[in-house]
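**Q** Below are the C-alpha cells for one structure; questions will follow.
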Amino acid sequence: MDRSHFRQTLLLVIALILAIGAGWYAHKWYIHHYEDHSQRRVNLKGYEFTSPLLDIELPEGFNVDYEPHPFKYKIVSFIKEKVDSGQVRNVAVYYRDLHDGPWFGINAKIEFNPASMMKVPVMVAWLKRAEKDRFVLNRKMRYAVSLNTVPRQYTKPARSIIPGKSYTVDELLHYMLNFSDNRATSLLYKALSDAELADVLDSMDVNNNPHDDRNSMTIHGYSGFFRILYNASYLNREMSEKALQLLSLQDFPQGIAAGVPAGVKVAAKFGEIVPENNTEEVQLHEFGIVYHPKSHYILGIMTQGGDFAKQAEIIREISRMVYTEVDSNIRQ
C-alpha cells in the first residue's frame, strides 16, 4: 500500500470514529436531557395547600389507568376481613397519588349518601362569587331559623351559630367546615341559586344524580372536588388555597387525620348518616388530601354498617395503612 493510499484510509477511519463518537455523545445528551427527566415539571412556589405543579409532561406510553400500588391488595384484604366479621357492610376506598396521578378504587361503583361532604360544593360556590367580588365574604346574614329545622347530627358541632345573631359569609364558612355546623350550612345554602350549585357540580367533574333525594354518588365521583381544588382549576389559586385551608381545620380529628403522624396536614371533610330508627344503616365517610412531606395524596373512605365507632376505627386504620405504605415506597 503506497503512502497516499494509507493516508486516505487512515483519514477515513478517523472520520468514522469521530462520527460514531459524535453520535454516542448526542445520544448521551438526549438521555440526560429527556429520558432521565421523563416527567418534565414546572413548579410554582409560595402556595401551601394547592398543587405547585403548573405543567407536567408524562413519558410517552404512560398509562394513567395503570394501578402501580401493590398496597391496594392489602387494603382489599383488610376490608374483606372487616366485612366477613360483620363489623361493617360496605367500604369503598379511593386513592390518588398527586405527584404524578396514578390512582386506584376499591368498590368504586357502590353509591353512598355523601351527607355533610356536600358542604364542600356550598363552600366552592361562595368562593366562586368571591373571585368576582371580594366584599362578598364580608356580607352579613342573620340567622333567624328555628333550632329544629336542621338535620340531626351524631357528631355534635363544638360550636354553632345562634338564632337572632348576624354573621359574615366568611364566619359562616368557618362554622360550616370547621365545626360541620348544619345551621351555618342552611343559611349559606339558601342564599345560593340552583344555577350556582349546578355550575360547581358540572365544572368539578362530579357525577351526582340531582333527581335522587339523597344525592347518592360513588367514591370516585366525589373525588373531583378534591382533585380540582388541589389543581386550582375551577377556583383561582387564591380561592383554592382558602378552600383547602378551611378544610385543614379538622372537624373530624378521629378519622383520616388520626391515621397519620402528628404535624402532617390533612385537608378533609367527613359526612355521616345516623338513622332515627333501625330501618337504615349508619353511613360514615371522609375524603381529603394528606400532605405527606414528600408525596401528597388524596384518600377517600366511605363506609356503611351498624356501628359508628367501628366505622370510624376502620377509617383511621385504612388511613394509617395508606400513609405507612406511601412513606415506605417513596422514591428517594
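Chain labels run A, B, ... following the order of the C-alpha cells; each chain numbers its residues from 1, and ligands are numbered from 1 in the order shown.
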From the DSSP assignment of the backbone, select every residue of region 168-237 of chain A that is helix (DSSP H, G or I), and format the answer as a VMD selection string.
**A** chain A and resid 169 to 178 182 to 190 194 to 203 219 to 222 224 to 230 237
**Q** Do you know which residues are at most 8 Å from region 292-300 of chain A counting only C-alpha atoms, after dropping those on the same chain fewer than 4 positions away, and could you put them as a list in words?
**A**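 Selected residues are Ala92, Val93, Tyr94, Tyr95, Arg96, Asp97, Leu98, His99, Ile219, Ser223, Phe226, Arg227, Val264, Lys265, His285, Glu286, Phe287, Gly288, Ser319, Tyr323, Val326, Asp327 and Ile330 of chain A.
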**Q** Could you give me, as CSV, a per-residue list for region 146-203 of chain A showing, wherever an atom lies at most 8 Å from an atom of region 113-137 of chain A, the closest pair of atoms and their distance in Å to one decimal, using only C-alpha atoms and sorting by chain then residue number from low to high?
**A**
```
residue,atom,partner,partner_atom,distance
A:Thr168,CA,A:Leu137,CA,6.5
A:Val169,CA,A:Leu137,CA,4.8
A:Asp170,CA,A:Leu137,CA,5.0
A:Leu173,CA,A:Met123,CA,6.6
A:Met176,CA,A:Lys119,CA,7.3
A:Leu177,CA,A:Lys119,CA,7.4
A:Ser180,CA,A:Ser116,CA,7.3
A:Thr185,CA,A:Lys119,CA,6.9
A:Leu188,CA,A:Val122,CA,7.3
A:Tyr189,CA,A:Val122,CA,6.3
A:Leu192,CA,A:Ala125,CA,7.7
A:Glu196,CA,A:Ala125,CA,6.2
A:Leu197,CA,A:Ala125,CA,6.2
A:Val200,CA,A:Ala125,CA,6.3
A:Leu201,CA,A:Pro121,CA,7.2
```
**Q** Export N, CA and C atoms of the chosen residues as a PDB file, in the first residue's frame?
**A**
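again_32.pdb, freshly written:
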```pdb
ATOM      1  N   THR A 168     -70.841  37.140  59.167  1.00  0.00           N
ATOM      2  CA  THR A 168     -70.348  37.331  57.806  1.00  0.00           C
ATOM      3  C   THR A 168     -70.302  35.986  57.096  1.00  0.00           C
ATOM      4  N   VAL A 169     -70.251  36.030  55.766  1.00  0.00           N
ATOM      5  CA  VAL A 169     -70.122  34.792  54.990  1.00  0.00           C
ATOM      6  C   VAL A 169     -68.848  34.063  55.388  1.00  0.00           C
ATOM      7  N   ASP A 170     -67.766  34.807  55.587  1.00  0.00           N
ATOM      8  CA  ASP A 170     -66.511  34.179  55.982  1.00  0.00           C
ATOM      9  C   ASP A 170     -66.656  33.438  57.311  1.00  0.00           C
ATOM     10  N   LEU A 173     -68.657  30.243  56.733  1.00  0.00           N
ATOM     11  CA  LEU A 173     -67.849  29.189  56.116  1.00  0.00           C
ATOM     12  C   LEU A 173     -67.011  28.464  57.174  1.00  0.00           C
ATOM     13  N   MET A 176     -69.355  26.207  59.144  1.00  0.00           N
ATOM     14  CA  MET A 176     -69.816  25.073  58.335  1.00  0.00           C
ATOM     15  C   MET A 176     -68.737  24.004  58.187  1.00  0.00           C
ATOM     16  N   LEU A 177     -67.476  24.430  58.009  1.00  0.00           N
ATOM     17  CA  LEU A 177     -66.415  23.478  57.707  1.00  0.00           C
ATOM     18  C   LEU A 177     -65.597  23.070  58.926  1.00  0.00           C
ATOM     19  N   SER A 180     -68.636  21.644  61.199  1.00  0.00           N
ATOM     20  CA  SER A 180     -69.709  20.941  60.492  1.00  0.00           C
ATOM     21  C   SER A 180     -71.078  21.382  61.003  1.00  0.00           C
ATOM     22  N   THR A 185     -74.642  25.963  57.431  1.00  0.00           N
ATOM     23  CA  THR A 185     -74.831  25.408  56.089  1.00  0.00           C
ATOM     24  C   THR A 185     -76.181  25.808  55.527  1.00  0.00           C
ATOM     25  N   LEU A 188     -76.136  29.483  54.383  1.00  0.00           N
ATOM     26  CA  LEU A 188     -75.348  29.674  53.171  1.00  0.00           C
ATOM     27  C   LEU A 188     -76.018  29.031  51.956  1.00  0.00           C
ATOM     28  N   TYR A 189     -76.565  27.844  52.136  1.00  0.00           N
ATOM     29  CA  TYR A 189     -77.191  27.120  51.030  1.00  0.00           C
ATOM     30  C   TYR A 189     -78.400  27.880  50.473  1.00  0.00           C
ATOM     31  N   LEU A 192     -77.801  30.741  47.968  1.00  0.00           N
ATOM     32  CA  LEU A 192     -77.247  30.418  46.649  1.00  0.00           C
ATOM     33  C   LEU A 192     -78.367  30.066  45.680  1.00  0.00           C
ATOM     34  N   GLU A 196     -75.929  28.327  40.497  1.00  0.00           N
ATOM     35  CA  GLU A 196     -74.574  28.390  41.055  1.00  0.00           C
ATOM     36  C   GLU A 196     -74.107  27.014  41.510  1.00  0.00           C
ATOM     37  N   LEU A 197     -74.965  26.296  42.206  1.00  0.00           N
ATOM     38  CA  LEU A 197     -74.591  24.965  42.680  1.00  0.00           C
ATOM     39  C   LEU A 197     -74.432  23.995  41.514  1.00  0.00           C
ATOM     40  N   VAL A 200     -71.063  24.422  39.912  1.00  0.00           N
ATOM     41  CA  VAL A 200     -69.984  23.791  40.683  1.00  0.00           C
ATOM     42  C   VAL A 200     -69.923  22.303  40.376  1.00  0.00           C
ATOM     43  N   LEU A 201     -71.058  21.627  40.438  1.00  0.00           N
ATOM     44  CA  LEU A 201     -71.086  20.179  40.217  1.00  0.00           C
ATOM     45  C   LEU A 201     -70.695  19.820  38.782  1.00  0.00           C
TER      46      LEU A 201
END
```
**Q** Could you pull out all residues of region 72-112 of chain A with a DSSP call of strand (DSSP E or B) and give them as a PyMOL selection string?
**A** chain A and resi 90-97+103-106+111-112
**Q** Would you kindly return, as a list in words, each protein, DNA or RNA residue with an atom no farther than 10 Å from any atom of Ala257 (chain A), considering only C-alpha atoms and excluding same-chain residues fewer than 6 positions away?
**A**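 Once the adjacent positions are removed, what remains is Ser248, Gln250, Gly263, Val264, Lys265, Val266, Ala267, Ala268, Gly288, Ile289, Val290, Ile315, Arg316, Ser319 and Arg320 of chain A.
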